[in-house]
$ cat upload_5.cif   # mmCIF, C-alpha atoms and all ligand atoms
data_target
#
loop_
_atom_site.label_atom_id
_atom_site.label_comp_id
_atom_site.auth_asym_id
_atom_site.auth_seq_id
_atom_site.Cartn_x
_atom_site.Cartn_y
_atom_site.Cartn_z
CA MET A 265 6.73 -29.61 -21.82
CA PRO A 266 8.00 -26.09 -21.19
CA ASP A 267 10.39 -24.71 -23.75
CA VAL A 268 13.74 -24.66 -21.91
CA THR A 269 14.89 -21.39 -23.44
CA THR A 270 11.83 -19.30 -22.62
CA GLY A 271 10.23 -21.26 -19.78
CA VAL A 272 6.90 -20.97 -21.61
CA ALA A 273 5.02 -24.11 -22.60
CA PRO A 274 4.79 -24.06 -26.42
CA ASN A 275 0.99 -24.44 -26.42
CA SER A 276 0.32 -22.02 -23.62
CA HIS A 277 -1.80 -18.97 -24.36
CA ILE A 278 1.13 -16.59 -24.27
CA ALA A 279 3.30 -18.66 -26.61
CA GLN A 280 0.98 -18.08 -29.59
CA TYR A 281 1.49 -14.31 -29.21
CA GLN A 282 5.21 -14.64 -28.66
CA ALA A 283 5.44 -16.41 -31.98
CA ARG A 284 4.05 -13.16 -33.49
CA GLY A 285 6.52 -10.94 -31.59
CA LEU A 286 3.88 -9.93 -29.02
CA LYS A 287 3.72 -10.42 -25.27
CA GLY A 288 0.06 -11.49 -25.15
CA ARG A 289 -3.54 -10.29 -25.50
CA ILE A 290 -4.92 -7.51 -23.31
CA LEU A 291 -8.49 -6.83 -22.25
CA SER A 292 -9.40 -3.99 -19.95
CA GLY A 293 -12.56 -2.07 -19.17
CA VAL A 294 -13.81 1.23 -17.78
CA GLN A 295 -17.34 1.95 -16.53
CA PRO A 296 -19.36 4.77 -18.12
CA SER A 297 -20.54 6.03 -14.73
CA GLY A 298 -19.61 9.48 -13.47
CA ASP A 299 -16.72 11.61 -14.69
CA LEU A 300 -13.39 10.13 -15.71
CA HIS A 301 -10.66 11.32 -13.38
CA LEU A 302 -6.91 11.41 -12.92
CA GLY A 303 -6.94 8.03 -11.12
CA ASN A 304 -8.60 6.34 -14.10
CA TYR A 305 -6.07 8.00 -16.39
CA LEU A 306 -2.85 7.32 -14.46
CA GLY A 307 -3.92 3.93 -13.09
CA ALA A 308 -5.33 2.55 -16.32
CA ILE A 309 -6.11 4.54 -19.48
CA ARG A 310 -2.64 6.04 -20.02
CA ASN A 311 -1.18 2.56 -19.70
CA PHE A 312 -3.63 1.24 -22.33
CA ALA A 313 -1.85 3.35 -24.94
CA ARG A 314 1.62 2.50 -23.63
CA LEU A 315 1.04 -1.24 -23.96
CA GLN A 316 -0.37 -1.22 -27.47
CA ASN A 317 2.86 -1.93 -29.31
CA ASP A 318 3.62 -5.04 -27.29
CA TYR A 319 0.15 -6.60 -27.00
CA GLU A 320 -2.95 -7.24 -29.05
CA CYS A 321 -5.46 -5.03 -27.20
CA LEU A 322 -9.20 -4.93 -26.57
CA TYR A 323 -10.52 -1.95 -24.60
CA CYS A 324 -14.11 -2.07 -23.50
CA VAL A 325 -16.59 0.47 -22.15
CA VAL A 326 -18.39 -1.71 -19.61
CA ASP A 327 -21.95 -0.43 -19.80
CA LEU A 328 -23.40 -3.69 -18.41
CA HIS A 329 -21.29 -3.19 -15.29
CA ALA A 330 -22.39 0.44 -14.98
CA ILE A 331 -26.08 -0.52 -14.53
CA THR A 332 -25.31 -2.62 -11.44
CA VAL A 333 -26.09 0.72 -9.76
CA TRP A 334 -28.74 3.12 -11.11
CA GLN A 335 -27.77 5.01 -14.29
CA ASP A 336 -29.88 7.67 -15.95
CA PRO A 337 -30.82 6.08 -19.32
CA ALA A 338 -30.46 9.48 -21.03
CA GLN A 339 -26.83 9.73 -19.87
CA LEU A 340 -25.61 6.21 -20.61
CA ALA A 341 -24.94 6.69 -24.35
CA PRO A 342 -23.11 10.06 -23.96
CA LYS A 343 -21.08 8.64 -21.05
CA THR A 344 -20.18 5.60 -23.16
CA ARG A 345 -18.93 7.88 -25.94
CA GLU A 346 -16.98 9.89 -23.39
CA ILE A 347 -15.02 6.84 -22.23
CA ALA A 348 -14.37 5.75 -25.82
CA SER A 349 -13.17 9.30 -26.54
CA ALA A 350 -10.79 9.08 -23.58
CA PHE A 351 -9.27 5.84 -24.93
CA LEU A 352 -8.71 7.54 -28.30
CA ALA A 353 -7.49 10.83 -26.77
CA ALA A 354 -4.99 8.92 -24.64
CA GLY A 355 -3.53 7.56 -27.88
CA VAL A 356 -5.08 4.12 -28.34
CA ASP A 357 -5.14 3.25 -32.04
CA GLY A 358 -8.75 2.25 -32.77
CA ASP A 359 -7.83 0.79 -36.16
CA LYS A 360 -5.07 -1.46 -34.92
CA HIS A 361 -6.78 -2.37 -31.65
CA VAL A 362 -10.38 -3.02 -30.64
CA ILE A 363 -12.45 -0.36 -28.85
CA PHE A 364 -16.08 -1.30 -28.15
CA ASN A 365 -18.91 -1.24 -25.63
CA GLN A 366 -19.76 -4.37 -23.71
CA SER A 367 -23.53 -4.48 -24.42
CA MET A 368 -22.79 -4.76 -28.16
CA VAL A 369 -21.08 -8.11 -27.63
CA PRO A 370 -23.67 -10.43 -26.02
CA GLU A 371 -21.08 -13.19 -25.56
CA HIS A 372 -19.86 -11.35 -22.42
CA ALA A 373 -23.23 -11.78 -20.68
CA GLU A 374 -23.59 -15.36 -21.92
CA LEU A 375 -20.22 -16.44 -20.54
CA ALA A 376 -20.96 -14.49 -17.34
CA TRP A 377 -23.96 -16.74 -16.71
CA ILE A 378 -21.75 -19.81 -16.92
CA PHE A 379 -19.29 -18.18 -14.53
CA ASN A 380 -22.15 -17.40 -12.13
CA CYS A 381 -22.51 -21.16 -11.92
CA VAL A 382 -18.75 -21.71 -11.44
CA ALA A 383 -18.00 -18.98 -8.86
CA ARG A 384 -18.98 -19.70 -5.24
CA MET A 385 -21.11 -17.45 -3.03
CA GLY A 386 -18.28 -17.40 -0.49
CA TRP A 387 -15.80 -16.04 -3.05
CA MET A 388 -18.15 -13.24 -4.08
CA SER A 389 -19.00 -12.35 -0.48
CA ARG A 390 -15.34 -11.64 0.21
CA MET A 391 -15.02 -8.98 -2.52
CA THR A 392 -14.08 -5.72 -0.78
CA GLN A 393 -15.49 -3.58 -3.60
CA PHE A 394 -18.92 -5.21 -3.13
CA LYS A 395 -18.71 -4.70 0.63
CA GLU A 396 -17.75 -1.04 0.16
CA LYS A 397 -20.43 -0.33 -2.45
CA ALA A 398 -23.18 -2.23 -0.65
CA GLY A 399 -22.26 -0.77 2.74
CA LYS A 400 -24.89 -1.44 5.38
CA ASP A 401 -27.66 -1.69 2.79
CA ARG A 402 -26.82 -5.18 1.51
CA GLU A 403 -30.42 -6.35 1.24
CA ASN A 404 -31.22 -3.50 -1.09
CA VAL A 405 -28.41 -3.58 -3.66
CA SER A 406 -28.88 -5.25 -7.03
CA LEU A 407 -28.07 -8.89 -7.62
CA GLY A 408 -25.94 -7.61 -10.49
CA LEU A 409 -23.68 -5.77 -8.06
CA PHE A 410 -22.99 -9.05 -6.26
CA ALA A 411 -22.34 -10.93 -9.51
CA TYR A 412 -20.26 -8.03 -10.92
CA PRO A 413 -16.87 -9.84 -10.68
CA ALA A 414 -18.18 -12.89 -12.60
CA LEU A 415 -19.10 -10.59 -15.51
CA MET A 416 -15.65 -9.01 -15.25
CA ALA A 417 -14.07 -12.49 -15.47
CA ALA A 418 -16.23 -13.13 -18.55
CA ASP A 419 -15.05 -9.84 -20.15
CA ILE A 420 -11.50 -11.09 -19.89
CA LEU A 421 -11.86 -14.80 -20.57
CA ILE A 422 -14.28 -14.53 -23.51
CA TYR A 423 -11.13 -13.42 -25.38
CA LYS A 424 -8.76 -15.70 -23.43
CA ALA A 425 -6.89 -12.49 -22.60
CA THR A 426 -3.51 -13.13 -21.00
CA HIS A 427 -2.95 -9.70 -19.40
CA VAL A 428 -5.15 -7.02 -17.81
CA PRO A 429 -3.91 -3.47 -17.10
CA VAL A 430 -5.80 -1.93 -14.16
CA GLY A 431 -5.36 0.22 -11.07
CA GLU A 432 -4.63 -1.46 -7.76
CA ASP A 433 -8.30 -1.45 -6.67
CA GLN A 434 -9.08 -4.17 -9.25
CA LYS A 435 -6.45 -6.63 -8.02
CA GLN A 436 -8.89 -8.71 -5.99
CA HIS A 437 -11.29 -8.99 -8.94
CA LEU A 438 -8.44 -10.28 -11.07
CA GLU A 439 -7.52 -12.87 -8.46
CA LEU A 440 -11.14 -14.03 -8.60
CA THR A 441 -10.88 -14.18 -12.41
CA ARG A 442 -7.91 -16.50 -12.01
CA ASP A 443 -9.86 -18.65 -9.52
CA ILE A 444 -12.81 -18.90 -11.93
CA ALA A 445 -10.52 -19.90 -14.83
CA ILE A 446 -8.78 -22.54 -12.74
CA LYS A 447 -12.06 -23.97 -11.37
CA PHE A 448 -13.65 -24.11 -14.84
CA ASN A 449 -10.58 -25.83 -16.29
CA ASN A 450 -10.58 -28.34 -13.41
CA ASP A 451 -14.33 -28.97 -13.20
CA PHE A 452 -14.59 -29.72 -16.90
CA ALA A 453 -11.17 -31.39 -17.16
CA VAL A 454 -9.97 -28.98 -19.86
CA PRO A 455 -6.49 -28.06 -18.60
CA ASP A 456 -5.29 -24.70 -19.94
CA PHE A 457 -8.61 -23.92 -21.72
CA PHE A 458 -8.93 -20.53 -20.03
CA PRO A 459 -5.63 -18.74 -19.32
CA VAL A 460 -4.64 -17.75 -15.80
CA THR A 461 -4.59 -14.02 -16.50
CA GLU A 462 -1.82 -11.71 -15.27
CA PRO A 463 -2.63 -8.25 -13.89
CA LEU A 464 -0.51 -5.34 -15.19
CA ILE A 465 -0.41 -2.77 -12.40
CA PHE A 466 2.40 -0.28 -12.88
CA GLY A 467 3.51 3.35 -12.68
CA ALA A 468 3.92 5.75 -9.75
CA ALA A 469 0.14 6.19 -9.32
CA THR A 470 -1.56 2.80 -9.23
CA ARG A 471 -3.86 4.07 -6.47
CA VAL A 472 -4.54 7.80 -6.73
CA MET A 473 -6.19 9.16 -3.59
CA SER A 474 -8.76 11.93 -3.07
CA LEU A 475 -7.39 15.50 -3.09
CA ARG A 476 -9.54 16.18 0.00
CA ASP A 477 -8.50 13.09 1.98
CA GLY A 478 -5.27 11.19 1.24
CA THR A 479 -6.63 8.05 2.91
CA LYS A 480 -9.61 7.71 0.51
CA LYS A 481 -9.42 6.57 -3.11
CA MET A 482 -10.07 9.19 -5.81
CA SER A 483 -13.45 8.11 -7.12
CA LYS A 484 -16.09 8.98 -9.73
CA SER A 485 -18.77 8.68 -7.07
CA ASP A 486 -17.27 11.09 -4.49
CA PRO A 487 -19.87 13.86 -4.06
CA SER A 488 -17.13 16.52 -3.86
CA ASP A 489 -15.82 17.56 -7.28
CA PHE A 490 -12.81 19.03 -5.46
CA SER A 491 -11.77 15.49 -4.47
CA ARG A 492 -10.70 14.70 -8.04
CA ILE A 493 -9.27 16.17 -11.22
CA ASN A 494 -11.57 15.25 -14.09
CA LEU A 495 -10.02 14.55 -17.48
CA THR A 496 -12.20 17.25 -19.03
CA ASP A 497 -11.30 19.92 -16.42
CA ASP A 498 -9.79 23.06 -17.95
CA ALA A 499 -6.56 24.71 -16.75
CA ASP A 500 -8.40 26.96 -14.27
CA ALA A 501 -10.28 24.08 -12.67
CA ILE A 502 -7.08 22.01 -12.39
CA ALA A 503 -5.24 24.95 -10.78
CA GLN A 504 -8.07 25.61 -8.32
CA LYS A 505 -8.36 21.97 -7.29
CA ILE A 506 -4.61 21.60 -6.72
CA ARG A 507 -4.51 24.88 -4.78
CA ARG A 508 -7.28 23.59 -2.52
CA ALA A 509 -5.83 20.06 -2.20
CA LYS A 510 -5.34 19.05 1.43
CA THR A 511 -1.78 19.18 2.79
CA ASP A 512 -0.24 19.49 6.26
CA PRO A 513 1.57 22.36 7.99
CA HIS A 514 5.10 20.93 7.58
CA PRO A 515 7.56 21.47 4.72
CA MET A 516 7.58 18.81 1.96
CA PRO A 517 8.73 15.33 3.07
CA ASP A 518 12.43 14.61 2.59
CA THR A 519 12.39 10.81 2.68
CA ALA A 520 10.07 8.07 1.44
CA ALA A 521 9.49 7.03 5.06
CA ASP A 522 8.42 10.58 5.97
CA ALA A 523 6.11 10.75 2.93
CA GLU A 524 4.48 7.44 3.83
CA LYS A 525 3.39 8.85 7.17
CA ARG A 526 1.76 11.86 5.45
CA PRO A 527 -0.90 10.48 3.06
CA ASP A 528 -1.93 13.81 1.50
CA ALA A 529 1.64 14.78 0.65
CA ASP A 530 2.43 11.22 -0.45
CA ASN A 531 -0.53 11.22 -2.83
CA LEU A 532 0.41 14.53 -4.47
CA LEU A 533 4.02 13.36 -4.85
CA GLY A 534 2.81 10.14 -6.49
CA ILE A 535 0.68 12.16 -8.91
CA TYR A 536 3.62 14.46 -9.71
CA ALA A 537 5.95 11.48 -10.29
CA ALA A 538 3.43 9.70 -12.53
CA LEU A 539 2.79 12.84 -14.62
CA ALA A 540 6.52 13.58 -14.89
CA ASP A 541 7.29 9.93 -15.65
CA ILE A 542 9.82 9.66 -12.85
CA GLU A 543 10.08 7.45 -9.75
CA LYS A 544 8.36 8.75 -6.63
CA ASP A 545 11.74 8.81 -4.84
CA ALA A 546 13.02 11.27 -7.47
CA ALA A 547 10.00 13.53 -6.90
CA ILE A 548 10.60 13.40 -3.13
CA ALA A 549 14.26 14.36 -3.66
CA GLN A 550 13.30 17.22 -6.01
CA PHE A 551 10.98 18.91 -3.48
CA ALA A 552 12.48 17.77 -0.13
CA GLY A 553 12.07 20.45 2.56
CA LYS A 554 10.42 22.99 0.18
CA GLN A 555 7.11 24.74 0.84
CA PHE A 556 3.90 23.13 -0.42
CA SER A 557 3.05 26.34 -2.31
CA GLU A 558 6.15 25.93 -4.51
CA PHE A 559 5.41 22.25 -5.10
CA LYS A 560 1.73 22.90 -5.87
CA SER A 561 2.61 25.48 -8.48
CA ALA A 562 5.01 23.01 -10.19
CA LEU A 563 2.33 20.29 -9.98
CA THR A 564 -0.28 22.61 -11.53
CA ASP A 565 1.99 23.48 -14.48
CA LEU A 566 2.79 19.82 -15.04
CA ALA A 567 -0.85 18.65 -14.73
CA VAL A 568 -2.07 21.34 -17.14
CA ALA A 569 0.69 20.50 -19.64
CA LYS A 570 0.04 16.75 -19.52
CA LEU A 571 -3.74 16.61 -19.13
CA GLY A 572 -4.72 19.67 -21.19
CA PRO A 573 -4.13 18.05 -24.60
CA VAL A 574 -5.93 14.83 -23.56
CA GLY A 575 -8.95 16.79 -22.27
CA ALA A 576 -9.02 18.98 -25.39
CA GLU A 577 -8.90 15.94 -27.70
CA MET A 578 -11.68 14.27 -25.68
CA GLN A 579 -13.83 17.40 -26.04
CA ARG A 580 -13.15 17.46 -29.77
CA LEU A 581 -14.11 13.79 -30.19
CA MET A 582 -17.24 14.17 -28.08
CA LYS A 583 -18.43 16.81 -30.55
CA ASP A 584 -18.20 14.17 -33.28
CA PRO A 585 -20.44 11.34 -31.97
CA GLY A 586 -20.75 9.86 -35.47
CA HIS A 587 -17.03 9.16 -35.57
CA VAL A 588 -16.91 7.67 -32.06
CA ASP A 589 -19.96 5.49 -32.79
CA GLY A 590 -18.21 4.24 -35.93
CA VAL A 591 -15.15 3.22 -33.90
CA LEU A 592 -17.38 1.40 -31.37
CA ARG A 593 -19.45 -0.34 -34.06
CA ASN A 594 -16.38 -1.53 -35.90
CA GLY A 595 -14.77 -2.60 -32.60
CA ALA A 596 -17.85 -4.59 -31.59
CA GLU A 597 -17.85 -6.48 -34.89
CA ARG A 598 -14.21 -7.43 -34.48
CA ALA A 599 -14.73 -8.32 -30.80
CA ARG A 600 -17.68 -10.60 -31.66
CA ALA A 601 -15.60 -12.39 -34.27
CA LEU A 602 -13.08 -13.23 -31.54
CA ALA A 603 -15.61 -14.02 -28.81
CA ALA A 604 -18.12 -16.19 -30.72
CA PRO A 605 -15.84 -19.22 -31.35
CA ILE A 606 -14.61 -19.18 -27.73
CA LEU A 607 -18.21 -19.13 -26.45
CA ALA A 608 -19.15 -21.94 -28.86
CA GLU A 609 -16.26 -24.04 -27.56
CA THR A 610 -17.26 -23.26 -23.97
CA TYR A 611 -20.88 -24.32 -24.60
CA LYS A 612 -19.59 -27.61 -26.05
CA ILE A 613 -17.39 -28.19 -23.01
CA VAL A 614 -20.34 -27.52 -20.66
CA GLY A 615 -22.38 -30.03 -22.69
CA PHE A 616 -25.21 -27.88 -24.04
CA LEU A 617 -27.16 -29.53 -26.86
CA LYS A 618 -26.76 -27.83 -30.23
CA PRO A 619 -29.49 -29.52 -32.25
P1 LIG B 701 -13.53 1.63 -13.08
O1 LIG B 701 -14.43 2.10 -14.17
O2 LIG B 701 -13.92 1.89 -11.68
O3 LIG B 701 -12.09 2.22 -13.27
C1 LIG B 701 -11.42 2.14 -14.52
C2 LIG B 701 -9.94 1.90 -14.28
O4 LIG B 701 -9.40 2.95 -13.48
C3 LIG B 701 -8.71 2.42 -12.36
N1 LIG B 701 -8.88 3.33 -11.22
C4 LIG B 701 -7.87 3.85 -10.53
N2 LIG B 701 -6.53 3.73 -10.65
C5 LIG B 701 -5.77 4.44 -9.79
N3 LIG B 701 -6.28 5.25 -8.81
C6 LIG B 701 -7.61 5.39 -8.66
N4 LIG B 701 -8.10 6.19 -7.73
C7 LIG B 701 -8.47 4.67 -9.53
N5 LIG B 701 -9.83 4.59 -9.67
C8 LIG B 701 -10.05 3.76 -10.69
C9 LIG B 701 -9.37 1.07 -12.10
O5 LIG B 701 -8.51 0.20 -11.39
C10 LIG B 701 -9.66 0.59 -13.50
O6 LIG B 701 -8.52 -0.03 -14.05
N6 LIG B 701 -14.29 -3.28 -12.61
C11 LIG B 701 -13.65 -2.28 -13.42
C12 LIG B 701 -14.11 -2.28 -14.85
C13 LIG B 701 -14.00 -3.60 -15.57
C14 LIG B 701 -12.80 -4.24 -15.99
C15 LIG B 701 -13.20 -5.40 -16.68
C16 LIG B 701 -11.44 -3.92 -15.82
C17 LIG B 701 -15.04 -4.36 -16.00
N7 LIG B 701 -14.55 -5.45 -16.65
C18 LIG B 701 -12.26 -6.29 -17.23
C19 LIG B 701 -10.51 -4.82 -16.37
C20 LIG B 701 -10.93 -5.97 -17.05
C21 LIG B 701 -13.96 -0.92 -12.83
O7 LIG B 701 -14.88 -0.74 -12.07
O8 LIG B 701 -13.21 0.07 -13.27
#
$ encode --input "upload_5.cif" --output "structure tokens" --more "lines below"
Ligand code: TYM
Amino acid sequence: MPDVTTGVAPNSHIAQYQARGLKGRILSGVQPSGDLHLGNYLGAIRNFARLQNDYECLYCVVDLHAITVWQDPAQLAPKTREIASAFLAAGVDGDKHVIFNQSMVPEHAELAWIFNCVARMGWMSRMTQFKEKAGKDRENVSLGLFAYPALMAADILIYKATHVPVGEDQKQHLELTRDIAIKFNNDFAVPDFFPVTEPLIFGAATRVMSLRDGTKKMSKSDPSDFSRINLTDDADAIAQKIRRAKTDPHPMPDTAADAEKRPDADNLLGIYAALADIEKDAAIAQFAGKQFSEFKSALTDLAVAKLGPVGAEMQRLMKDPGHVDGVLRNGAERARALAAPILAETYKIVGFLKP
């Protein structure tokens, strides 16, 4: 029966955290493929640090996901350290919370196999990220790319995580995670075994767009480096990229409706608002009717001030791989301790013999 004062069933997944003064357990992941950019930071990584006082957090470098498309084996380890460094540089406390890489915790892949047998082909075929990544070459992409969202569901549910902070592009994958949890619970008649996870998508920049084309998502795989601001870019590179960012010939938008019709301007205003920690409407009001040159110079100063220290700390950490590896090793041990009993319970539910 739900508790009348909170509306939360006493045995629900969230209630056990509430009893400890927390809002729930978080799991989120970032792929070690390509360079980390402003979209990853504003849409996800910055929020990881902001949520850490209210949730128990696990942050994962998803190297198994990365190899769904070709990765240079010589680059995978340094890229993995780079993402872990970004978590730490953004302010995540690696002692209090758990930072690790996915391949070190085999329970993710083991639960993913079970979810491959729960998820339906039709569900996976509807995933827009798969359709975008596969493009016209569907016959030639890896089977792993198709099964990608089942592994993502396993990342989350192997810890029975209640909340997942992500950018908007991951919303559909999280809906699928909910569908998998519900189907597993129903198929095996174990109501409430896996939680129905809530996405946490917030801030003024949940979908940061390319600096070269305001209708395309900022992405690690865009061939043009001028399409994105990388977290390790120095002040000169940031200034150059903002100077060259696409705009239109009109003065800055003066209403939200005007901005919406002008995707390049709208994107830059969203970035400004997110970096300044203000609402987008406030950023629109601040620059309404001004010239883009004036706005771009304010945006450059703000971006350098906010991103510079994060980039510098990342660079510092990347020069100390021993330290970062220690954080990941320790994180993996703690993650396994949480994942192993949940996998064991899952195997029992499925009916596997344990002689
Ligand atoms: P990935 O590595 O592509 O991106 C990492 C995070 O950055 C967010 N993001 C963006 N946010 C705003 N604007 C953008 N342009 C932008 N580009 C990326 C993503 O939404 C993401 O939060 N499938 C995931 C990784 C993953 C995962 C998980 C996430 C694997 N398992 C479990 C959460 C929970 C991905 O490809 O992220």
$ atom_distance --input "upload_5.cif" --atom1 "CA of Phe452 (chain A)" --atom2 "CA of Leu440 (chain A)"
18.1 Å
$ atom_distance --input "upload_5.cif" --atom1 "CA of Glu320 (chain A)" --atom2 "CA of Gly288 (chain A)"
6.5 Å
$ residues_near_ligand --input "upload_5.cif" --ligand "ligand LIG 701 (chain B)" --cutoff "7 Å" --atoms "only C-alpha atoms and all ligand atoms" --output "ChimeraX atom specification"
/A:291-296,303-309,326,329,415-417,419-420,428-434,469-473,481-483
$ closest_residue --input "upload_5.cif" --among "A:Met582, A:Ala540, A:Ala523, A:Gly399" --to "Gly553 (chain A)" --atoms "only C-alpha atoms"
A:Ala523
$ residues_near_point --input "upload_5.cif" --point "(6.3, 21.5, 5.2)" --cutoff "10 Å" --atoms "only C-alpha atoms" --output "MDAnalysis selection string"
chainID A and resid 511:518 529 552:557
$ build_atoms --input "upload_5.cif" --residues "region 439-456 of chain A" --atoms "N, CA, C and O atoms" --output "PDB file, in the coordinates of the input"
ATOM      1  N   GLU A 439      -7.821 -11.595  -9.127  1.00  0.00           N
ATOM      2  CA  GLU A 439      -7.520 -12.870  -8.460  1.00  0.00           C
ATOM      3  C   GLU A 439      -8.728 -13.802  -8.579  1.00  0.00           C
ATOM      4  O   GLU A 439      -8.587 -15.004  -8.814  1.00  0.00           O
ATOM      5  N   LEU A 440      -9.919 -13.224  -8.450  1.00  0.00           N
ATOM      6  CA  LEU A 440     -11.140 -14.030  -8.600  1.00  0.00           C
ATOM      7  C   LEU A 440     -11.251 -14.566 -10.045  1.00  0.00           C
ATOM      8  O   LEU A 440     -11.659 -15.708 -10.260  1.00  0.00           O
ATOM      9  N   THR A 441     -10.868 -13.737 -11.009  1.00  0.00           N
ATOM     10  CA  THR A 441     -10.880 -14.180 -12.410  1.00  0.00           C
ATOM     11  C   THR A 441      -9.977 -15.405 -12.589  1.00  0.00           C
ATOM     12  O   THR A 441     -10.333 -16.370 -13.276  1.00  0.00           O
ATOM     13  N   ARG A 442      -8.830 -15.361 -11.939  1.00  0.00           N
ATOM     14  CA  ARG A 442      -7.910 -16.500 -12.010  1.00  0.00           C
ATOM     15  C   ARG A 442      -8.556 -17.735 -11.367  1.00  0.00           C
ATOM     16  O   ARG A 442      -8.481 -18.848 -11.908  1.00  0.00           O
ATOM     17  N   ASP A 443      -9.211 -17.528 -10.215  1.00  0.00           N
ATOM     18  CA  ASP A 443      -9.860 -18.650  -9.520  1.00  0.00           C
ATOM     19  C   ASP A 443     -10.963 -19.264 -10.390  1.00  0.00           C
ATOM     20  O   ASP A 443     -11.120 -20.481 -10.444  1.00  0.00           O
ATOM     21  N   ILE A 444     -11.726 -18.403 -11.065  1.00  0.00           N
ATOM     22  CA  ILE A 444     -12.810 -18.900 -11.930  1.00  0.00           C
ATOM     23  C   ILE A 444     -12.221 -19.712 -13.092  1.00  0.00           C
ATOM     24  O   ILE A 444     -12.697 -20.801 -13.411  1.00  0.00           O
ATOM     25  N   ALA A 445     -11.147 -19.181 -13.704  1.00  0.00           N
ATOM     26  CA  ALA A 445     -10.520 -19.900 -14.830  1.00  0.00           C
ATOM     27  C   ALA A 445     -10.024 -21.275 -14.374  1.00  0.00           C
ATOM     28  O   ALA A 445     -10.277 -22.295 -15.037  1.00  0.00           O
ATOM     29  N   ILE A 446      -9.360 -21.282 -13.229  1.00  0.00           N
ATOM     30  CA  ILE A 446      -8.780 -22.540 -12.740  1.00  0.00           C
ATOM     31  C   ILE A 446      -9.901 -23.541 -12.402  1.00  0.00           C
ATOM     32  O   ILE A 446      -9.830 -24.722 -12.752  1.00  0.00           O
ATOM     33  N   LYS A 447     -10.963 -23.062 -11.754  1.00  0.00           N
ATOM     34  CA  LYS A 447     -12.060 -23.970 -11.370  1.00  0.00           C
ATOM     35  C   LYS A 447     -12.763 -24.501 -12.622  1.00  0.00           C
ATOM     36  O   LYS A 447     -13.066 -25.682 -12.695  1.00  0.00           O
ATOM     37  N   PHE A 448     -13.004 -23.649 -13.599  1.00  0.00           N
ATOM     38  CA  PHE A 448     -13.650 -24.110 -14.840  1.00  0.00           C
ATOM     39  C   PHE A 448     -12.775 -25.185 -15.492  1.00  0.00           C
ATOM     40  O   PHE A 448     -13.252 -26.266 -15.834  1.00  0.00           O
ATOM     41  N   ASN A 449     -11.489 -24.880 -15.636  1.00  0.00           N
ATOM     42  CA  ASN A 449     -10.580 -25.830 -16.290  1.00  0.00           C
ATOM     43  C   ASN A 449     -10.555 -27.169 -15.552  1.00  0.00           C
ATOM     44  O   ASN A 449     -10.521 -28.232 -16.177  1.00  0.00           O
ATOM     45  N   ASN A 450     -10.594 -27.109 -14.207  1.00  0.00           N
ATOM     46  CA  ASN A 450     -10.580 -28.340 -13.410  1.00  0.00           C
ATOM     47  C   ASN A 450     -11.903 -29.074 -13.464  1.00  0.00           C
ATOM     48  O   ASN A 450     -11.945 -30.282 -13.706  1.00  0.00           O
ATOM     49  N   ASP A 451     -13.007 -28.335 -13.253  1.00  0.00           N
ATOM     50  CA  ASP A 451     -14.330 -28.970 -13.200  1.00  0.00           C
ATOM     51  C   ASP A 451     -14.630 -29.734 -14.494  1.00  0.00           C
ATOM     52  O   ASP A 451     -15.207 -30.811 -14.470  1.00  0.00           O
ATOM     53  N   PHE A 452     -14.255 -29.111 -15.617  1.00  0.00           N
ATOM     54  CA  PHE A 452     -14.590 -29.720 -16.900  1.00  0.00           C
ATOM     55  C   PHE A 452     -13.414 -30.485 -17.509  1.00  0.00           C
ATOM     56  O   PHE A 452     -13.499 -30.930 -18.660  1.00  0.00           O
ATOM     57  N   ALA A 453     -12.346 -30.636 -16.713  1.00  0.00           N
ATOM     58  CA  ALA A 453     -11.170 -31.390 -17.160  1.00  0.00           C
ATOM     59  C   ALA A 453     -10.657 -30.897 -18.525  1.00  0.00           C
ATOM     60  O   ALA A 453     -10.467 -31.684 -19.457  1.00  0.00           O
ATOM     61  N   VAL A 454     -10.526 -29.572 -18.630  1.00  0.00           N
ATOM     62  CA  VAL A 454      -9.970 -28.980 -19.860  1.00  0.00           C
ATOM     63  C   VAL A 454      -8.749 -28.145 -19.469  1.00  0.00           C
ATOM     64  O   VAL A 454      -8.813 -26.919 -19.448  1.00  0.00           O
ATOM     65  N   PRO A 455      -7.633 -28.815 -19.103  1.00  0.00           N
ATOM     66  CA  PRO A 455      -6.490 -28.060 -18.600  1.00  0.00           C
ATOM     67  C   PRO A 455      -6.072 -26.982 -19.598  1.00  0.00           C
ATOM     68  O   PRO A 455      -6.055 -27.240 -20.801  1.00  0.00           O
ATOM     69  N   ASP A 456      -5.803 -25.773 -19.077  1.00  0.00           N
ATOM     70  CA  ASP A 456      -5.290 -24.700 -19.940  1.00  0.00           C
ATOM     71  C   ASP A 456      -6.324 -24.151 -20.922  1.00  0.00           C
ATOM     72  O   ASP A 456      -5.964 -23.424 -21.832  1.00  0.00           O
TER      73      ASP A 456
END
